[in-house]
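Trainee: Got a structure for you, written out below as structure tokens; questions coming shortly.
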Amino acid sequence: MRIKLLTLAIGFLIAPACLFAQPEVGITTVLNVSALAQGQQGKLAVVLDIPDGYHAQSNTPTDDSAIKCEIKLDNVPGIEFGQAIYPPGIDQNFPALGKINVYINRAVIRVPFTVAKDAKLGPIQLSGKVQLQICDTQSCFPPMNNPFSVDAAVVPAGTTITATNAELFPDKPKSAPATQPADSAK
């Protein structure tokens, strides 16, 4: 009987935590090219799908105490990342939170990168973390640092690559063969 009461008491303590569990943000990572050609450029997109009824603080929140959305990329030998390009947020007024700049529904963060001319050929993984703070109309959950990654392959300069995920990238990469580096023509 004592074990049953203890189990019941633990259940009552855990139940409120389950009721207020932090919503899950879908994070997808894609590239704008089918492969990474040595000496060429590409773009990485980190797509945040925010559940209905919630918002994420933007990269430029209007409240100094808000945790801004920010990605941190892992160092990858042979890849040089450029500055992340965050979408503009939407100014919204919440009675309990005030006027804040947020992402709702979907936000796409793009990061340009360059593949080194001497990057090691073969499989490669681009990865990092996205810092987010999710809120509803009344309150905010603790900030999260969600990992993301995308697998790709580094191919020799001159290999034909194709554009991918066009709906996420306003400009398309060249699908023609990459030019061969001058010193490799020897």
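Just remember, in the structure tokens the first chain shown is A, the second B, etc., residues are 1-based per chain, and ligands are 1-based in the order shown.
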Name the residues in contact with Pro143 in chain A at a cut-off of 8 Å, using only C-alpha atoms, excluding same-chain residues fewer than 2 positions from it; report them as an mmCIF file with N, CA and C atoms, in the first residue's frame.

Mentor:
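Saved file out.cif follows:
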```
data_model
loop_
_atom_site.group_PDB
_atom_site.id
_atom_site.type_symbol
_atom_site.label_atom_id
_atom_site.label_comp_id
_atom_site.auth_asym_id
_atom_site.auth_seq_id
_atom_site.Cartn_x
_atom_site.Cartn_y
_atom_site.Cartn_z
ATOM 1 N N ILE A 67 15.855 36.572 -25.266
ATOM 2 C CA ILE A 67 16.961 35.784 -25.815
ATOM 3 C C ILE A 67 16.784 35.747 -27.326
ATOM 4 N N GLN A 131 20.097 28.798 -31.084
ATOM 5 C CA GLN A 131 19.586 29.259 -29.796
ATOM 6 C C GLN A 131 18.218 29.875 -30.033
ATOM 7 N N LEU A 132 17.221 29.419 -29.290
ATOM 8 C CA LEU A 132 15.844 29.900 -29.443
ATOM 9 C C LEU A 132 15.208 30.136 -28.088
ATOM 10 N N GLN A 133 14.289 31.101 -28.059
ATOM 11 C CA GLN A 133 13.408 31.222 -26.911
ATOM 12 C C GLN A 133 11.986 31.229 -27.451
ATOM 13 N N ILE A 134 11.207 30.234 -27.054
ATOM 14 C CA ILE A 134 9.826 30.077 -27.506
ATOM 15 C C ILE A 134 8.898 30.647 -26.441
ATOM 16 N N PHE A 141 9.303 30.284 -22.411
ATOM 17 C CA PHE A 141 9.960 29.088 -21.892
ATOM 18 C C PHE A 141 11.462 29.373 -21.792
ATOM 19 N N ASN A 145 19.094 25.375 -26.917
ATOM 20 C CA ASN A 145 20.192 25.315 -27.876
ATOM 21 C C ASN A 145 20.045 24.000 -28.628
#
```

Trainee: Which residues in chain A does DSSP call alpha helix (DSSP H)? List them as a PyMOL selection string.

Mentor: chain A and resi 2-19

Trainee: Write down as a PyMOL selection string the residues belonging to range 10-168 of chain A that are assigned strand (DSSP E) by DSSP computed on the backbone.

Mentor: chain A and resi 26-31+36-37+41-49+55-57+70-73+79-81+90-94+98-103+106-115+122-132+134-135+144-155

Trainee: Compare A:Val111, A:Leu126, A:Ile90, A:Cys135 by their minimum atom-to-atom distance to Pro51 in chain A, counting only C-alpha atoms, and give me the closest one.

Mentor: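 Of A:Val111, A:Leu126, A:Ile90, A:Cys135, the one nearest Pro51 in chain A is A:Cys135, counting only C-alpha atoms.
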
Trainee: Do a neighbour search on Val47 in chain A at 6 Å with only C-alpha atoms, toss out local chain neighbours closer than 6 positions, and write the hits as an MDAnalysis selection string.

Mentor: chainID A and resid 27:28 107:108

Trainee: Quick one: write out the picked residues with N, CA and C atoms as a compact mmCIF listing (two decimals), in the first residue's frame?

Mentor:
```txt
# COMPACT_ATOMS: atom_id res chain seq x y z
N ILE A 27 13.28 21.68 -36.71
CA ILE A 27 14.49 22.29 -37.29
C ILE A 27 14.97 21.38 -38.42
N THR A 28 15.03 21.97 -39.62
CA THR A 28 15.49 21.25 -40.80
C THR A 28 16.68 22.01 -41.36
N ALA A 107 10.70 30.38 -40.02
CA ALA A 107 11.79 31.32 -40.24
C ALA A 107 12.93 30.55 -40.90
N VAL A 108 13.53 31.16 -41.93
CA VAL A 108 14.62 30.51 -42.65
C VAL A 108 15.87 31.38 -42.49
```
